[in-house]
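Following: one structure in structure tokens, then a few remarks.
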Amino acid sequence: MPTAEIITDELIRMSAPNTSAVSNGLKISRSGGFISLCRTDDKTLIFGECKGSGIKPYSTSADFSGDSPVFRCSCPSRQFPCKHSIAIMFEWLDGKEFKISEIPEDIAAKRDKINKKAEKAAAKENAPDSENKKKTAKSSKNAIAKKLSKQAEGLELAENFVNDILNRGVSSVNSSSAAQYKNLAKQLGDYYLPEPQAIMNEIISAAEKISSNPDDNEAERIISLCVKLSSTVKKSREYINSKLESGEVLPQDSILYEAMGGIWKLTQLKELGLYKENAEIIQLSFTVIHDSMHMAEVDTGYWIDLESGEISKTENIRPLKALKYVKADDSVFSLLRIKELYHYPGGCNKRIRWESSEMTQPDDNICSVIISKAENSVSEAVKKAKNELKNTLSDTSVAFLIPFDSIEFSVSDGHAVLRYNDETIALRSNDNYPDTCSVLSVLGKDNLENGALLGEFFYSSLERKIYICPVSVVNSRKIIRLC
């Protein structure tokens with residue numbers, strides 16, 4: 001069972017709703033804001049009284065008895081956890097004395113309520129299907145089938161759009177035709193097809209720009225987007241038809257489920273076997289990527305599984321319209337031990353998610369372990385990348401960990417080249433990581449020998465070449481994040 005011993009500076013910052021809560025909590029701790037500090041004998045609960053703006057102090061606690069910490073406070077703040085809950089964790093981290101006390105009655109009652117709720121849910125899950133459950137399941141299936149039929153109608157609109165814009169030519173879009181296309185894209189929202197709708201909007205926006213300012217790169221991108229939309233329509237139609245014909249309309253292991261507006265639940269992923277028990281992962285990089293197509297900021301982290309060497313990623317999507325309501329992710333430098341690590345359908349770099357984790361300090365040899373999990377050769381990695389990138393439904397880049405003997409810079413053009421055994425591959429920045437090659441160029445030579453590079457493979461359609469965009473460098477001493 002977890003205890004307060006798991007508290008680290010990193011855990012505090014990850015738990016906080018924003019940086020202000022962290023700084024305010026730290027301020028309370030350093031200014032002696034707590035009147036009393038207590039803990040249970042088993043250290044699963046820390047609690048105390050903190051001075052507030054009123055006469056009566058706030059009762060604050062951090063409970064570690066469950067799968068994830070539970071924070072409680074009597075203050076009126078709407079932030080969760082509040083600055084007082086953050087502060088009491090800083091008190092513990094600073095080694096302050098916590099008096100051993102019995103668990104307060106109100107917290108004991110709340111714990112009991114949570115346990116009973118969990119037992120009830122487990123009993124319900126294990127109970128034999130009742131007639132009522134069967135009716136609910138049938139009703140749910142009918143609703144899904146109805147939605148699939150509606151989506152099939154919407155795919156016709158998307159297909160007509162692609163054919164029309166390609167027949168007219170991407171540079172022929174004017175204000176009048178753009179307005180018609182935008183109206184069509186808006187209609188697509190009524191057919192539960194968010195991904196095709198997002199691609200349509202991106203095509204329309206880009207086509208408007210090049211109609212007044214021709215650009216070969218942008219024209220090439222529009223054509224790629226049209227191909228992606230056309231492929232999405234084709235594969236989605238096949239997916240819908242097969243489900244409606246078979247009657248098996250519930251989610252399956254397919255990336256099309258999300259592309260067509262589906263939202264995965266962890267229970268669904270588990271039922272499909274898309275999870276791993278007792279996983280150990282460590283983050284190799286973290287950045288915030290602006291996704292213009294979906295009008296969102298995406299907190300993106302690349303992680304390596306220390307057993308399999310698989311490179312996965314986390315994506316915390318924060319719509320621009322709701323940025324202040326969605327908690328941002330942050331960098332993680334601890335080793336995470338996860339009881340159940342879920343992954344979404346996909347090819348390479350599967351998106352991962354978990355409910356709770358145990359954070360520990362990585363061993364001194366962690367970098368050597370990571371390097372040992374790198375690909376066997378550059379050519380093998382390129383082959384894997386080509387297979388992934390040719391799938392029009394996949395991302396435009398795919399990340400691998402590549403071993404290197406050295407990373408060198410050309411005197412003539414300043415571009416970087418990765419060398420491993422007798423193989424070489426050129427490094428270039430991409431839209432996701434536009435400055436990483438510049439950062440790489442200022443690292444000392446000792447950081448660019450006998451290590452591994454986490455990089456995104458991407459295809460330049462104009463140059464007809466595959467490049468690697470550097471993201472992180474791992475040598476025998478440390479992980480160097482380039483962004």
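Ordering of the structure tokens sets the chain letters (A, B, ...), residue numbers begin anew at 1 in every chain, and ligands are numbered from 1 in the order given.
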*DSSP on the backbone, then: every residue of region 386-479 of chain A marked alpha helix (DSSP H), written as an NGL selection string.*
:A and (386-389 or 436-441)
Atoms kept (C-alpha atoms) for selection, written as a short mmCIF file (atom, residue, chain, number, x, y, z; two decimals), in the first residue's frame:
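Output saved as out27.cif:
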```cif
data_model
loop_
_atom_site.label_atom_id
_atom_site.label_comp_id
_atom_site.auth_asym_id
_atom_site.auth_seq_id
_atom_site.Cartn_x
_atom_site.Cartn_y
_atom_site.Cartn_z
CA LYS A 386 8.65 3.58 -44.19
CA ASN A 387 6.09 0.88 -43.37
CA GLU A 388 4.49 3.13 -40.77
CA LEU A 389 4.55 6.36 -42.78
CA THR A 436 16.29 20.82 -31.97
CA CYS A 437 19.02 20.68 -34.63
CA SER A 438 20.23 24.09 -33.46
CA VAL A 439 20.33 22.86 -29.85
CA LEU A 440 22.15 19.71 -30.95
CA SER A 441 24.85 21.82 -32.62
#
```
*Could you pull out the residues in region 231-464 of chain A that DSSP calls strand (DSSP E) from the backbone, as a ChimeraX atom specification?*
/A:275-291,296-305,311-319,335-343,352-353,358-360,397-409,416-420,423-427,449-460
*For Glu208 (chain A), list every protein, DNA or RNA residue within 8 Å, evaluated using only C-alpha atoms, and leave out those in the same chain fewer than 5 positions away; present the list as a list in words.*
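Those residues are Ser171, Val173, Asn174, Ser175 and Ala178 of chain A.
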Pull N, CA, C and O atoms from the residues just selected and write them as a PDB file, in the first residue's frame.
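Final output, again_39.pdb:
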```pdb
ATOM      1  N   SER A 171      -5.342  25.321 -56.184  1.00  0.00           N
ATOM      2  CA  SER A 171      -5.035  26.757 -56.249  1.00  0.00           C
ATOM      3  C   SER A 171      -6.222  27.578 -56.756  1.00  0.00           C
ATOM      4  O   SER A 171      -6.133  28.805 -56.858  1.00  0.00           O
ATOM      5  N   VAL A 173      -9.194  27.799 -55.317  1.00  0.00           N
ATOM      6  CA  VAL A 173     -10.120  28.158 -54.249  1.00  0.00           C
ATOM      7  C   VAL A 173     -10.123  29.670 -54.038  1.00  0.00           C
ATOM      8  O   VAL A 173      -9.085  30.282 -53.805  1.00  0.00           O
ATOM      9  N   ASN A 174     -11.314  30.270 -54.164  1.00  0.00           N
ATOM     10  CA  ASN A 174     -11.459  31.707 -53.891  1.00  0.00           C
ATOM     11  C   ASN A 174     -12.379  31.897 -52.682  1.00  0.00           C
ATOM     12  O   ASN A 174     -12.820  30.934 -52.064  1.00  0.00           O
ATOM     13  N   SER A 175     -12.676  33.145 -52.367  1.00  0.00           N
ATOM     14  CA  SER A 175     -13.480  33.421 -51.176  1.00  0.00           C
ATOM     15  C   SER A 175     -14.876  32.794 -51.264  1.00  0.00           C
ATOM     16  O   SER A 175     -15.426  32.321 -50.275  1.00  0.00           O
ATOM     17  N   ALA A 178     -14.516  28.954 -50.980  1.00  0.00           N
ATOM     18  CA  ALA A 178     -14.075  28.649 -49.614  1.00  0.00           C
ATOM     19  C   ALA A 178     -15.256  28.701 -48.647  1.00  0.00           C
ATOM     20  O   ALA A 178     -15.376  27.865 -47.744  1.00  0.00           O
TER      21      ALA A 178
END
```
*Just the residues within 10 Å of Leu448 (chain A), please, counting only C-alpha atoms, with nothing from its chain fewer than 5 positions along; format it as a PyMOL selection string.*
chain A and resi 404-408+418+440-441+443+453+473-475
Export N, CA, C and O atoms of the chosen residues as a CSV table (one decimal), in the first residue's frame?
```
chain,number,residue,atom,x,y,z
A,404,PHE,N,24.1,5.4,-32.1
A,404,PHE,CA,25.1,6.1,-32.9
A,404,PHE,C,26.5,6.0,-32.3
A,404,PHE,O,26.7,5.9,-31.1
A,405,ASP,N,27.5,6.0,-33.2
A,405,ASP,CA,28.9,6.1,-32.9
A,405,ASP,C,29.3,7.5,-32.7
A,405,ASP,O,30.0,7.9,-31.8
A,406,SER,N,28.7,8.4,-33.6
A,406,SER,CA,28.9,9.8,-33.5
A,406,SER,C,27.8,10.6,-34.2
A,406,SER,O,27.1,10.0,-35.1
A,407,ILE,N,27.6,11.8,-33.9
A,407,ILE,CA,26.8,12.8,-34.6
A,407,ILE,C,27.7,13.9,-35.0
A,407,ILE,O,28.3,14.5,-34.2
A,408,GLU,N,27.8,14.1,-36.3
A,408,GLU,CA,28.8,15.1,-36.8
A,408,GLU,C,28.1,16.2,-37.6
A,408,GLU,O,26.9,16.0,-38.1
A,418,LEU,N,24.0,11.4,-38.5
A,418,LEU,CA,24.2,10.4,-37.5
A,418,LEU,C,25.0,9.2,-38.2
A,418,LEU,O,24.6,8.8,-39.3
A,440,LEU,N,21.2,20.8,-30.8
A,440,LEU,CA,22.1,19.7,-31.0
A,440,LEU,C,23.5,20.2,-31.3
A,440,LEU,O,24.6,19.7,-30.8
A,441,SER,N,23.6,21.3,-32.1
A,441,SER,CA,24.9,21.8,-32.6
A,441,SER,C,25.7,22.4,-31.5
A,441,SER,O,26.9,22.6,-31.7
A,443,LEU,N,25.9,21.2,-28.4
A,443,LEU,CA,26.3,20.2,-27.4
A,443,LEU,C,27.8,19.8,-27.6
A,443,LEU,O,28.3,19.8,-28.8
A,453,LEU,N,20.0,8.1,-30.1
A,453,LEU,CA,19.2,9.3,-30.4
A,453,LEU,C,17.7,9.0,-30.5
A,453,LEU,O,17.4,8.1,-31.2
A,473,VAL,N,18.9,13.1,-26.7
A,473,VAL,CA,20.2,12.3,-26.8
A,473,VAL,C,20.4,11.6,-25.5
A,473,VAL,O,20.2,12.2,-24.5
A,474,VAL,N,20.7,10.3,-25.6
A,474,VAL,CA,21.0,9.5,-24.4
A,474,VAL,C,22.5,9.0,-24.5
A,474,VAL,O,22.8,8.4,-25.5
A,475,ASN,N,23.3,9.4,-23.6
A,475,ASN,CA,24.6,8.9,-23.5
A,475,ASN,C,24.8,8.1,-22.2
A,475,ASN,O,23.8,7.9,-21.5
```
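Taking only C-alpha atoms into account, Ser312 (chain A) lies nearest to A:Leu454 out of the set A:Val326, A:Val22, A:Leu393, A:Leu454.
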*At what distance in Å, to one decimal, does CA of Phe161 (chain A) lie from CA of Lys235 (chain A)?*
16.6 Å
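Nearest-residue note for Pro194 (chain A): choosing from A:Glu248, A:Glu307, A:Glu258, A:Glu358, the minimum distance belongs to A:Glu258, counting only C-alpha atoms.
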_Given only C-alpha atoms as the basis, pick out the residue of A:Ala374, A:Leu229, A:Ala16, A:Ile479 nearest to Leu306 (chain A)._
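Once distances to Leu306 (chain A) are computed over only C-alpha atoms, the minimum belongs to A:Ala374.
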_I'd like the neighbourhood of region 108-114 of chain A as a list in words, where a residue qualifies if any of its atoms comes within 10 Å (using only C-alpha atoms), though same-chain residues fewer than 5 positions away should be ignored._
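So, after excluding close chain neighbours, the residues are Asp63, Ser65, Gly66, Val70, Glu102, Ile103, Glu119 and Lys120 of chain A.
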Can I get the selection written as a short mmCIF file (atom, residue, chain, number, x, y, z; two decimals), in the first residue's frame, with N, CA, C and O atoms?
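So again-v2.cif came out as:
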```cif
data_model
loop_
_atom_site.label_atom_id
_atom_site.label_comp_id
_atom_site.auth_asym_id
_atom_site.auth_seq_id
_atom_site.Cartn_x
_atom_site.Cartn_y
_atom_site.Cartn_z
N ASP A 63 -4.26 11.80 1.46
CA ASP A 63 -4.52 10.38 1.77
C ASP A 63 -3.92 9.51 0.67
O ASP A 63 -4.25 9.65 -0.51
N SER A 65 -3.86 6.01 0.78
CA SER A 65 -4.27 4.62 1.01
C SER A 65 -4.83 3.94 -0.23
O SER A 65 -4.93 2.71 -0.28
N GLY A 66 -5.20 4.72 -1.26
CA GLY A 66 -5.78 4.14 -2.47
C GLY A 66 -4.77 4.05 -3.61
O GLY A 66 -3.57 4.20 -3.42
N VAL A 70 -5.56 11.15 -2.49
CA VAL A 70 -6.82 11.88 -2.35
C VAL A 70 -6.55 13.08 -1.44
O VAL A 70 -6.04 12.91 -0.32
N GLU A 102 -4.47 9.19 15.64
CA GLU A 102 -5.52 8.36 15.07
C GLU A 102 -6.14 9.08 13.87
O GLU A 102 -6.16 10.31 13.82
N ILE A 103 -6.63 8.30 12.93
CA ILE A 103 -7.26 8.89 11.75
C ILE A 103 -8.52 9.66 12.17
O ILE A 103 -9.32 9.14 12.97
N GLU A 119 -16.50 -1.95 -3.53
CA GLU A 119 -17.02 -3.31 -3.36
C GLU A 119 -18.33 -3.50 -4.12
O GLU A 119 -18.57 -4.54 -4.74
N LYS A 120 -19.17 -2.45 -4.07
CA LYS A 120 -20.46 -2.52 -4.77
C LYS A 120 -20.26 -2.60 -6.28
O LYS A 120 -20.94 -3.36 -6.98
#
```
*Measuring atom to atom with only C-alpha atoms, identify which of A:Met89, A:Phe47, A:Gly154, A:Val288 is nearest to Glu10 (chain A).*
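Between A:Met89, A:Phe47, A:Gly154, A:Val288, the residue approaching Glu10 (chain A) most closely is A:Met89.
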*What is the CA of Arg351 (chain A) to CA of Ser379 (chain A) distance in Å?*
24.9 Å
_Between CA of Ser308 (chain A) and CA of Ile425 (chain A), what distance in Å does the model show, to one decimal?_
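Between CA of Ser308 (chain A) and CA of Ile425 (chain A) the gap is 24.7 Å.
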